[in-house]
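Asks: So I've got this file, work.tsv, and it contains TSV, C-alpha atoms:
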chain	number	residue	atom	x	y	z
A	1	MET	CA	0.00	0.00	0.00
A	2	LYS	CA	1.29	3.44	-0.86
A	3	GLU	CA	2.12	5.71	2.02
A	4	ALA	CA	-0.48	8.31	1.05
A	5	GLN	CA	-3.26	5.76	0.85
A	6	PHE	CA	-2.38	4.35	4.25
A	7	PHE	CA	-2.34	7.63	6.11
A	8	GLU	CA	-5.30	9.14	4.28
A	9	THR	CA	-7.40	6.03	4.85
A	10	LEU	CA	-6.48	5.96	8.50
A	11	ALA	CA	-7.21	9.67	8.93
A	12	GLY	CA	-10.58	9.23	7.24
A	13	GLN	CA	-11.52	6.40	9.59
A	14	TRP	CA	-10.29	8.11	12.75
A	15	GLN	CA	-13.07	8.51	15.32
A	16	ASP	CA	-12.21	8.91	18.97
A	17	GLU	CA	-9.11	6.75	19.25
A	18	LEU	CA	-6.13	8.10	21.16
A	19	VAL	CA	-3.13	7.94	18.84
A	20	VAL	CA	0.49	7.32	19.81
A	21	THR	CA	3.24	7.33	17.22
A	22	SER	CA	6.83	6.17	17.27
A	23	LEU	CA	9.81	8.20	16.16
A	24	GLY	CA	10.10	8.68	12.41
A	25	SER	CA	7.84	8.20	9.45
A	26	ALA	CA	4.80	6.98	11.44
A	27	GLY	CA	4.52	10.23	13.36
A	28	HIS	CA	5.50	12.40	10.45
A	29	GLY	CA	2.87	10.85	8.20
A	30	TRP	CA	0.15	11.01	10.84
A	31	PHE	CA	0.80	14.71	11.41
A	32	LYS	CA	0.85	15.44	7.67
A	33	ALA	CA	-2.46	13.63	7.24
A	34	THR	CA	-4.27	15.03	10.28
A	35	GLN	CA	-2.39	18.01	11.75
A	36	SER	CA	-3.50	16.48	15.04
A	37	LYS	CA	-2.08	18.13	18.13
A	38	ASP	CA	-3.90	15.82	20.52
A	39	SER	CA	-1.91	12.76	19.52
A	40	PHE	CA	1.28	11.78	21.34
A	41	TYR	CA	4.27	11.84	18.99
A	42	LEU	CA	7.06	10.06	20.84
A	43	LEU	CA	9.82	11.83	18.94
A	44	ASP	CA	12.52	9.92	20.79
A	45	GLY	CA	12.81	6.71	22.76
A	46	MET	CA	13.02	4.72	19.56
A	47	GLY	CA	11.47	1.32	19.87
A	48	PHE	CA	9.56	2.08	23.03
A	49	ALA	CA	6.45	3.81	21.74
A	50	SER	CA	4.94	0.32	21.84
A	51	SER	CA	5.70	0.06	25.57
A	52	PHE	CA	4.46	3.63	26.09
A	53	ALA	CA	1.17	2.85	24.33
A	54	LEU	CA	0.79	-0.35	26.36
A	55	GLY	CA	1.11	1.65	29.57
A	56	MET	CA	-1.54	4.06	28.32
A	57	ALA	CA	-3.89	1.24	27.33
A	58	LEU	CA	-3.56	-0.36	30.76
A	59	GLY	CA	-3.88	2.97	32.55
A	60	LEU	CA	-7.06	3.92	30.70
A	61	PRO	CA	-8.98	0.74	29.86
A	62	GLN	CA	-12.00	2.76	28.77
A	63	GLY	CA	-9.92	4.41	26.03
A	64	ARG	CA	-9.26	3.02	22.55
A	65	PHE	CA	-5.72	3.36	21.30
A	66	TRP	CA	-4.01	3.28	17.94
A	67	LEU	CA	-0.25	2.84	17.99
A	68	LEU	CA	1.51	3.81	14.75
A	69	ASP	CA	4.86	2.09	14.75
A	70	THR	CA	7.52	1.20	12.19
A	71	ASP	CA	9.68	-1.80	11.39
A	72	GLY	CA	12.81	0.00	12.60
A	73	ALA	CA	11.23	0.72	15.95
A	74	PHE	CA	9.73	-2.75	16.15
A	75	ALA	CA	13.15	-4.30	15.58
A	76	MET	CA	14.68	-2.14	18.30
A	77	ASN	CA	12.28	-3.49	20.93
A	78	LEU	CA	11.68	-7.00	19.68
A	79	GLY	CA	11.51	-8.33	23.23
A	80	GLY	CA	8.50	-6.10	23.68
A	81	VAL	CA	6.56	-8.54	21.50
A	82	LEU	CA	6.76	-11.02	24.36
A	83	THR	CA	5.37	-8.44	26.76
A	84	GLN	CA	2.54	-7.53	24.39
A	85	ALA	CA	1.79	-11.24	24.02
A	86	SER	CA	1.63	-11.68	27.78
A	87	VAL	CA	-0.81	-8.79	28.21
A	88	GLN	CA	-2.81	-8.64	24.93
A	89	ALA	CA	-4.43	-5.33	25.92
A	90	PRO	CA	-7.78	-5.43	24.10
A	91	ASN	CA	-7.97	-1.67	23.61
A	92	LEU	CA	-4.69	-1.41	21.67
A	93	LEU	CA	-4.42	-1.64	17.90
A	94	HIS	CA	-0.76	-1.79	16.91
A	95	LEU	CA	-0.25	-0.73	13.31
A	96	MET	CA	3.32	-1.46	12.25
A	97	LEU	CA	4.46	0.21	9.03
A	98	ASN	CA	6.83	-2.13	7.27
A	99	ASN	CA	8.84	0.06	4.89
A	100	HIS	CA	11.90	-2.22	4.93
A	101	SER	CA	14.36	0.50	5.94
A	102	TYR	CA	15.17	3.31	8.32
A	103	ARG	CA	12.89	5.45	6.19
A	104	VAL	CA	13.13	8.82	7.88
A	105	ILE	CA	16.93	9.03	7.74
A	106	GLY	CA	17.13	8.33	4.04
A	107	GLU	CA	15.90	4.75	3.70
A	108	LEU	CA	19.10	3.42	5.18
A	109	PRO	CA	19.35	-0.37	5.43
A	110	LEU	CA	17.57	-2.11	8.30
A	111	VAL	CA	19.04	-5.42	9.40
A	112	ASN	CA	17.50	-8.43	7.66
A	113	ALA	CA	14.61	-6.25	6.50
A	114	ASP	CA	13.70	-8.16	3.36
A	115	THR	CA	13.74	-11.52	5.08
A	116	THR	CA	12.24	-11.06	8.53
A	117	ASP	CA	8.62	-12.11	8.88
A	118	TYR	CA	7.46	-9.79	11.66
A	119	ALA	CA	3.97	-11.24	11.64
A	120	GLY	CA	5.47	-14.69	12.03
A	121	VAL	CA	7.57	-13.51	14.96
A	122	ALA	CA	4.48	-12.09	16.63
A	123	ARG	CA	2.44	-15.23	16.08
A	124	ALA	CA	5.22	-17.40	17.45
A	125	ALA	CA	5.39	-15.14	20.51
A	126	GLY	CA	1.77	-15.90	21.21
A	127	ILE	CA	-0.06	-12.85	19.93
A	128	ARG	CA	-3.46	-14.18	18.98
A	129	ARG	CA	-4.52	-11.59	16.42
A	130	VAL	CA	-1.87	-10.79	13.83
A	131	VAL	CA	-2.88	-9.45	10.44
A	132	ASP	CA	-0.91	-8.86	7.26
A	133	VAL	CA	-2.15	-5.69	5.56
A	134	GLN	CA	-1.43	-5.29	1.85
A	135	THR	CA	-4.39	-3.29	0.57
A	136	GLN	CA	-6.79	-0.56	1.61
A	137	ASP	CA	-9.51	-3.17	2.04
A	138	ASP	CA	-7.26	-5.11	4.40
A	139	LEU	CA	-6.72	-1.96	6.45
A	140	LEU	CA	-10.42	-1.11	6.58
A	141	ALA	CA	-11.17	-4.66	7.70
A	142	VAL	CA	-8.66	-4.41	10.56
A	143	LEU	CA	-10.14	-1.14	11.76
A	144	GLU	CA	-13.68	-2.48	11.62
A	145	GLN	CA	-12.75	-5.70	13.40
A	146	GLN	CA	-11.04	-3.76	16.20
A	147	ARG	CA	-14.20	-1.72	16.73
A	148	GLN	CA	-16.56	-4.67	16.63
A	149	ASP	CA	-14.43	-7.16	18.49
A	150	PRO	CA	-11.64	-5.43	20.43
A	151	ALA	CA	-8.48	-7.44	20.96
A	152	TYR	CA	-4.82	-6.58	20.98
A	153	THR	CA	-3.99	-6.64	17.30
A	154	LEU	CA	-0.68	-6.38	15.52
A	155	ALA	CA	-1.26	-5.31	11.92
A	156	VAL	CA	1.88	-5.48	9.78
A	157	VAL	CA	1.29	-2.99	6.97
A	158	ASP	CA	3.44	-3.33	3.88
A	159	ILE	CA	4.20	0.26	2.91
A	160	GLU	CA	5.50	1.69	-0.36
A	161	PRO	CA	7.24	4.97	0.55
A	162	GLN	CA	6.51	8.12	-1.46
A	163	ASP	CA	8.82	11.11	-1.66
A	164	GLU	CA	6.05	13.64	-1.03
A	165	TRP	CA	5.42	11.93	2.31
A	166	ARG	CA	9.01	12.38	3.40
A	167	THR	CA	8.09	15.16	5.79
A	168	GLY	CA	9.52	16.33	9.06
A	169	PRO	CA	8.26	15.89	12.59
A	170	PRO	CA	5.27	17.83	13.91
A	171	LYS	CA	6.06	21.48	14.37
A	172	GLY	CA	5.39	23.39	17.52
A	173	ILE	CA	4.79	20.52	19.93
A	174	GLU	CA	7.42	18.48	21.68
A	175	GLY	CA	8.78	17.57	25.10
A	176	PRO	CA	6.88	18.95	28.09
A	177	GLU	CA	4.31	20.68	25.88
A	178	MET	CA	3.46	17.31	24.35
A	179	LYS	CA	2.97	15.94	27.86
A	180	TYR	CA	0.69	18.73	29.00
A	181	ARG	CA	-1.26	18.96	25.73
A	182	PHE	CA	-1.99	15.24	25.60
A	183	GLY	CA	-2.58	14.89	29.35
A	184	ARG	CA	-5.04	17.79	29.46
A	185	TYR	CA	-6.85	16.28	26.48
A	186	VAL	CA	-7.16	12.96	28.32
A	187	GLU	CA	-8.38	14.71	31.47
A	188	GLN	CA	-11.03	16.61	29.53
A	189	ARG	CA	-12.27	13.66	27.50
A	190	PHE	CA	-12.28	10.97	30.15
A	191	GLY	CA	-12.70	12.90	33.38
A	192	VAL	CA	-9.57	11.39	34.89
A	193	GLN	CA	-6.84	13.24	36.75
A	194	VAL	CA	-3.45	13.12	35.08
A	195	PHE	CA	-1.87	16.13	36.73
A	196	GLY	CA	-2.08	16.88	40.42
A	197	PRO	CA	-2.51	20.22	42.18
A	198	GLU	CA	1.16	21.03	41.67
A	199	GLY	CA	0.71	20.65	37.92
A	200	VAL	CA	2.54	17.35	37.74
B	1	MET	CA	10.07	-20.11	43.02
B	2	ARG	CA	10.78	-20.14	46.74
B	3	ILE	CA	11.18	-16.86	48.59
B	4	ALA	CA	11.90	-16.87	52.32
B	5	ASP	CA	9.00	-15.89	54.53
B	6	ALA	CA	10.96	-13.01	56.09
B	7	ALA	CA	11.68	-11.55	52.65
B	8	MET	CA	8.05	-11.95	51.59
B	9	GLN	CA	6.99	-10.06	54.68
B	10	VAL	CA	9.13	-7.14	53.53
B	11	GLY	CA	7.61	-7.43	50.08
B	12	GLU	CA	4.16	-7.23	51.63
B	13	GLU	CA	5.06	-4.11	53.60
B	14	VAL	CA	6.34	-2.47	50.43
B	15	ARG	CA	3.19	-3.45	48.55
B	16	ALA	CA	1.02	-1.96	51.28
B	17	ALA	CA	3.00	1.28	51.16
B	18	LEU	CA	2.60	1.42	47.38
B	19	ARG	CA	-1.14	1.00	47.75
B	20	GLU	CA	-1.16	3.82	50.28
B	21	ALA	CA	0.60	5.90	47.62
B	22	GLY	CA	-2.22	5.07	45.21
B	23	VAL	CA	-0.22	2.84	42.89
B	24	SER	CA	-2.39	0.89	40.46
B	25	LEU	CA	0.07	-0.06	37.71
B	26	ALA	CA	3.42	-1.83	38.01
B	27	ALA	CA	6.00	-3.08	35.55
B	28	SER	CA	8.97	-5.17	36.55
B	29	LEU	CA	11.95	-7.28	35.70
B	30	PRO	CA	13.46	-9.07	38.67
B	31	ASP	CA	16.79	-9.61	40.23
B	32	ASP	CA	16.87	-12.00	43.16
B	33	TRP	CA	16.83	-9.18	45.69
B	34	VAL	CA	13.68	-7.34	44.52
B	35	ALA	CA	11.77	-10.54	43.71
B	36	PRO	CA	9.76	-10.42	46.98
B	37	ILE	CA	8.46	-6.96	46.10
B	38	ILE	CA	7.48	-8.11	42.63
B	39	GLU	CA	5.67	-11.20	43.86
B	40	SER	CA	3.77	-9.22	46.46
B	41	VAL	CA	2.73	-6.65	43.88
B	42	ASP	CA	1.74	-9.40	41.47
B	43	GLY	CA	-0.62	-10.83	44.03
B	44	ASP	CA	-2.46	-7.56	44.61
B	45	PRO	CA	-5.78	-7.56	42.71
B	46	ASP	CA	-5.83	-3.75	42.70
B	47	ILE	CA	-2.49	-3.44	40.91
B	48	THR	CA	-2.13	-4.27	37.23
B	49	HIS	CA	1.31	-5.84	36.95
B	50	VAL	CA	3.28	-6.34	33.74
B	51	ARG	CA	6.38	-8.51	33.53
B	52	VAL	CA	8.72	-7.35	30.76
B	53	ALA	CA	11.60	-8.76	28.76
B	54	ARG	CA	13.92	-5.75	29.11
B	55	GLU	CA	14.02	-2.95	31.67
B	56	SER	CA	13.71	-0.19	29.06
B	57	GLU	CA	10.16	-1.37	28.43
B	58	ILE	CA	9.34	-0.56	32.04
B	59	VAL	CA	10.20	3.09	31.40
B	60	GLY	CA	7.79	3.21	28.48
B	61	ILE	CA	4.98	1.40	30.29
B	62	CYS	CA	5.15	3.48	33.46
B	63	CYS	CA	5.49	6.79	31.61
B	64	GLY	CA	2.61	5.83	29.33
B	65	GLY	CA	0.55	4.96	32.38
B	66	PHE	CA	1.25	8.39	33.84
B	67	MET	CA	-0.12	10.02	30.69
B	68	THR	CA	-3.52	8.44	31.32
B	69	GLY	CA	-3.68	9.14	35.02
B	70	ALA	CA	-2.37	5.84	36.39
B	71	ARG	CA	0.00	5.96	39.34
B	72	SER	CA	2.68	3.52	38.41
B	73	VAL	CA	5.77	1.92	39.89
B	74	ALA	CA	8.81	0.41	38.20
B	75	VAL	CA	10.66	-2.43	39.88
B	76	MET	CA	14.02	-3.61	38.62
B	77	GLY	CA	17.50	-4.60	39.76
B	78	GLY	CA	20.34	-2.11	39.89
B	79	THR	CA	21.76	-3.35	36.60
B	80	GLY	CA	18.44	-2.56	34.95
B	81	LEU	CA	18.90	1.08	35.84
B	82	MET	CA	22.04	1.12	33.74
B	83	ALA	CA	20.27	-0.67	30.91
B	84	SER	CA	17.57	2.02	30.84
B	85	ALA	CA	19.75	5.10	30.42
B	86	CYS	CA	18.51	6.05	26.95
B	87	GLU	CA	14.84	5.71	27.87
B	88	PHE	CA	15.30	7.61	31.14
B	89	ALA	CA	16.66	10.49	29.09
B	90	THR	CA	14.45	10.37	26.02
B	91	ILE	CA	11.07	9.38	27.43
B	92	SER	CA	11.00	10.48	31.07
B	93	GLU	CA	13.37	13.44	31.23
B	94	ARG	CA	12.70	14.79	27.76
B	95	HIS	CA	8.98	15.09	28.43
B	96	GLY	CA	9.19	15.75	32.16
B	97	ILE	CA	7.28	12.60	33.07
B	98	PRO	CA	7.74	11.35	36.65
B	99	LEU	CA	8.94	7.77	36.99
B	100	PHE	CA	9.00	6.10	40.41
B	101	ILE	CA	11.48	3.22	40.57
B	102	LEU	CA	12.21	0.65	43.25
B	103	SER	CA	15.59	-0.99	42.84
B	104	SER	CA	18.25	-3.03	44.59
B	105	LEU	CA	21.40	-1.38	45.85
B	106	ARG	CA	23.66	-3.85	44.11
B	107	GLY	CA	27.41	-3.88	44.57
B	108	ASP	CA	27.24	-2.29	48.01
B	109	GLY	CA	29.49	-3.46	50.83
B	110	ASP	CA	27.45	-6.56	51.56
B	111	ASP	CA	27.15	-7.70	47.92
B	112	ILE	CA	30.01	-10.04	47.15
B	113	ARG	CA	28.90	-11.08	43.66
B	114	VAL	CA	31.81	-10.34	41.35
B	115	TYR	CA	29.44	-9.44	38.51
B	116	GLN	CA	27.94	-6.65	40.63
B	117	GLU	CA	31.14	-4.81	41.51
B	118	VAL	CA	30.86	-2.31	38.67
B	119	GLN	CA	27.30	-1.49	39.73
B	120	GLY	CA	28.59	-0.84	43.24
B	121	ARG	CA	31.10	1.68	42.03
B	122	ARG	CA	29.10	3.31	39.24
B	123	LEU	CA	25.37	3.23	40.07
B	124	ARG	CA	25.27	6.35	42.20
B	125	PRO	CA	27.64	8.41	40.03
B	126	TYR	CA	25.59	7.31	37.02
B	127	LEU	CA	22.36	8.57	38.56
B	128	GLN	CA	24.07	11.82	39.53
B	129	THR	CA	25.25	12.28	35.94
B	130	PHE	CA	21.66	12.05	34.74
B	131	ASP	CA	20.51	14.26	37.63
B	132	ILE	CA	18.26	11.48	38.91
B	133	PRO	CA	17.35	11.77	42.61
B	134	TYR	CA	17.56	8.69	44.80
B	135	GLN	CA	16.78	7.56	48.32
B	136	ILE	CA	18.12	4.58	50.25
B	137	VAL	CA	15.72	2.47	52.30
B	138	SER	CA	17.54	0.24	54.75
B	139	SER	CA	15.10	-0.46	57.60
B	140	ARG	CA	11.52	-1.59	58.05
B	141	SER	CA	10.54	1.81	59.40
B	142	ASP	CA	11.87	3.45	56.22
B	143	ILE	CA	9.31	1.56	54.15
B	144	ALA	CA	6.58	3.74	55.62
B	145	ARG	CA	8.19	6.72	53.86
B	146	LEU	CA	7.44	5.37	50.39
B	147	PRO	CA	4.21	7.39	49.97
B	148	ASP	CA	6.16	10.57	50.77
B	149	TYR	CA	8.87	9.58	48.31
B	150	TYR	CA	6.20	8.93	45.71
B	151	GLU	CA	4.83	12.46	46.03
B	152	HIS	CA	8.39	13.79	45.99
B	153	SER	CA	9.01	11.95	42.72
B	154	ARG	CA	6.02	13.66	41.11
B	155	ILE	CA	7.44	17.13	41.48
B	156	GLN	CA	10.85	16.00	40.26
B	157	LYS	CA	9.33	15.13	36.83
B	158	ARG	CA	12.04	12.62	36.02
B	159	PRO	CA	13.19	9.17	37.12
B	160	TYR	CA	13.37	8.86	40.89
B	161	VAL	CA	15.01	5.83	42.45
B	162	VAL	CA	14.38	4.26	45.83
B	163	PHE	CA	17.15	1.78	46.57
B	164	PHE	CA	16.62	-1.11	48.95
B	165	THR	CA	19.52	-2.69	50.78
B	166	LYS	CA	20.20	-6.41	50.69
B	167	LYS	CA	19.65	-6.99	54.40
B	168	LEU	CA	16.26	-5.31	54.28
B	169	LEU	CA	15.07	-7.15	51.17
B	170	GLN	CA	16.13	-10.45	52.70
B	171	GLY	CA	14.26	-9.67	55.90
B	172	ILE	CA	17.41	-9.73	58.01
B	173	VAL	CA	16.78	-6.27	59.45
Take the structure I supplied and represent it as structure tokens, if you would.

Replies:
Amino acid sequence: MKEAQFFETLAGQWQDELVVTSLGSAGHGWFKATQSKDSFYLLDGMGFASSFALGMALGLPQGRFWLLDTDGAFAMNLGGVLTQASVQAPNLLHLMLNNHSYRVIGELPLVNADTTDYAGVARAAGIRRVVDVQTQDDLLAVLEQQRQDPAYTLAVVDIEPQDEWRTGPPKGIEGPEMKYRFGRYVEQRFGVQVFGPEGV
Amino acid sequence: MRIADAAMQVGEEVRAALREAGVSLAASLPDDWVAPIIESVDGDPDITHVRVARESEIVGICCGGFMTGARSVAVMGGTGLMASACEFATISERHGIPLFILSSLRGDGDDIRVYQEVQGRRLRPYLQTFDIPYQIVSSRSDIARLPDYYEHSRIQKRPYVVFFTKKLLQGIV
């Protein structure tokens, strides 16, 4: 699936899910498609957006989460697949963009990228719902299934990069502002307390 | 797994103090010293506990939990602190997200494991380099201070380590 079709389809289907993105093309593409400033773009901590999203999903079981991840990040925290398999948080949809490279730094080679079967790794780890996404219809089916029958899902999305989607990170939000913006959004939407009286 | 009754009693006291602090989410990777804390936490129906494959994951899980209002605790051995340097810096410190960590004071004077000697010499200087506050809990009465330390960690907006000594974790003191 071309990069544009993936992000535009996802943006068009977006309802009330809380979105977390990993460092690199996942976050860049999501921001280009949505200009969302209520999503959490983990612009660092490569590999651990998946752990970050898991903590969110466990902390707010009434929320529905989309995690936009990449193969480079996935490879950097491969042990995290075991943790996801042990928890299988039902409110977390893990969309992993497989672009076969370190896309955002110039499509530099990613170890064993053309050989590794990430979906196979996940299945062998014990993740019960693993989906290979090749087409827009596949993607729409995953989104619909997650809404109708929530279960932790790893969707491995085969992505064809496009130069016009080689954009930079979100502008104007990062670090502590990201924390406060996202946390205040969660407080407002779900009526939970993220920040205490001291503002932290 | 067999943990001595005296050590499990300490684990139970720590778990009770964590509940008093409002903790509802925990993530852990054990060493033999902190295992009693982990097993006590795991048995608490009011705490969601996640076992991980690598300590860096704990940083992500606990910081993510914070972002949705969960009060979380990280439990790991002293070596795990060293393994988590990048994530301390790029997830917790970069965003100013508090991260409350319980750990073992490995390599201290009563730890004669040869593979812990580097930790003994470098753990505290390492935390100081990253400007990470820490406390040392060495007696049963100190455990009651955990709720205060938890609130202190919130205003620090960064990793915050509470070390436990070997004799305490083994229930000897």

Asks: So that I can see what lies close to Ala26 in chain B, please list as JSON, numbers by chain the residues with an atom at most 8 Å from it, counting all atoms listed in the file and leaving out residues fewer than 6 positions away in the same chain.

Replies: {"B": [41, 47, 48, 49, 50, 62, 72, 73, 74, 75]}

Asks: Could the residues in this selection be saved with C-alpha atoms as a short mmCIF file (atom, residue, chain, number, x, y, z; two decimals), keeping the file's coordinate frame?

Replies:
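Everything below was put into out.cif:
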data_model
loop_
_atom_site.label_atom_id
_atom_site.label_comp_id
_atom_site.auth_asym_id
_atom_site.auth_seq_id
_atom_site.Cartn_x
_atom_site.Cartn_y
_atom_site.Cartn_z
CA VAL B 41 2.73 -6.65 43.88
CA ILE B 47 -2.49 -3.44 40.91
CA THR B 48 -2.13 -4.27 37.23
CA HIS B 49 1.31 -5.84 36.95
CA VAL B 50 3.28 -6.34 33.74
CA CYS B 62 5.15 3.48 33.46
CA SER B 72 2.68 3.52 38.41
CA VAL B 73 5.77 1.92 39.89
CA ALA B 74 8.81 0.41 38.20
CA VAL B 75 10.66 -2.43 39.88
#

Asks: Quick one: residues within 12 Å of range 117-130 of chain B, all atoms listed in the file counted, chain neighbours fewer than 2 positions away excluded, as a PyMOL selection string?

Replies: chain B and resi 77-90+92-94+103-115+132-136+158-163+165

Asks: When you count all atoms listed in the file, which of these residues is closest to chain B: A:Leu143, A:Ala49, A:Ala113, A:Ile173?

Replies: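 With all atoms listed in the file as the atom set, the closest residue is A:Ala49.
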
Asks: Between CA of Ser141 in chain B and CA of Glu20 in chain B, what is the distance, to one decimal in Å?

Replies: 15.0 Å

Asks: Using all atoms listed in the file and a cut-off of 6 Å, which residues of chain B sit close to chain A? Please list them as a ChimeraX atom specification.

Replies: /B:52-53,57,60-62,64-65,67-70,87,90-91,94-96

Asks: In Å, rounded to a single decimal, give me how far CA of Arg54 in chain B is from CA of Gln62 in chain A.

Replies: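 CA of Gln62 in chain A sits 27.3 Å away from CA of Arg54 in chain B.
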
Asks: Which residue, A:Asp71, A:Glu164, A:Asp114, A:Glu8, has the smallest gap to Met96 in chain A when you use all atoms listed in the file?

Replies: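 Closest candidate: A:Asp71.
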
Asks: Tell me, as a PyMOL selection string, which residues lie within 12 Å of Gly120 in chain A, counting all atoms listed in the file; anything in the same chain fewer than 6 positions away does not count.

Replies: chain A and resi 81+126-132+154-156

Asks: Separation of CA of His94 in chain A and CA of Asp69 in chain A, in Å?

Replies: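 According to the coordinates, CA of His94 in chain A and CA of Asp69 in chain A are separated by 7.2 Å.
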
Asks: Using all atoms listed in the file and a cutoff of 6 Å, can you tell me which residues are near (7.1, -6.4, 38.9) in the file's coordinates, and write them out as a list in words?

Replies: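 Residues satisfying the cut-off, written out: Ala26, Ala27, Ser28, Leu29, Ile38, Arg51 and Val75 of chain B.
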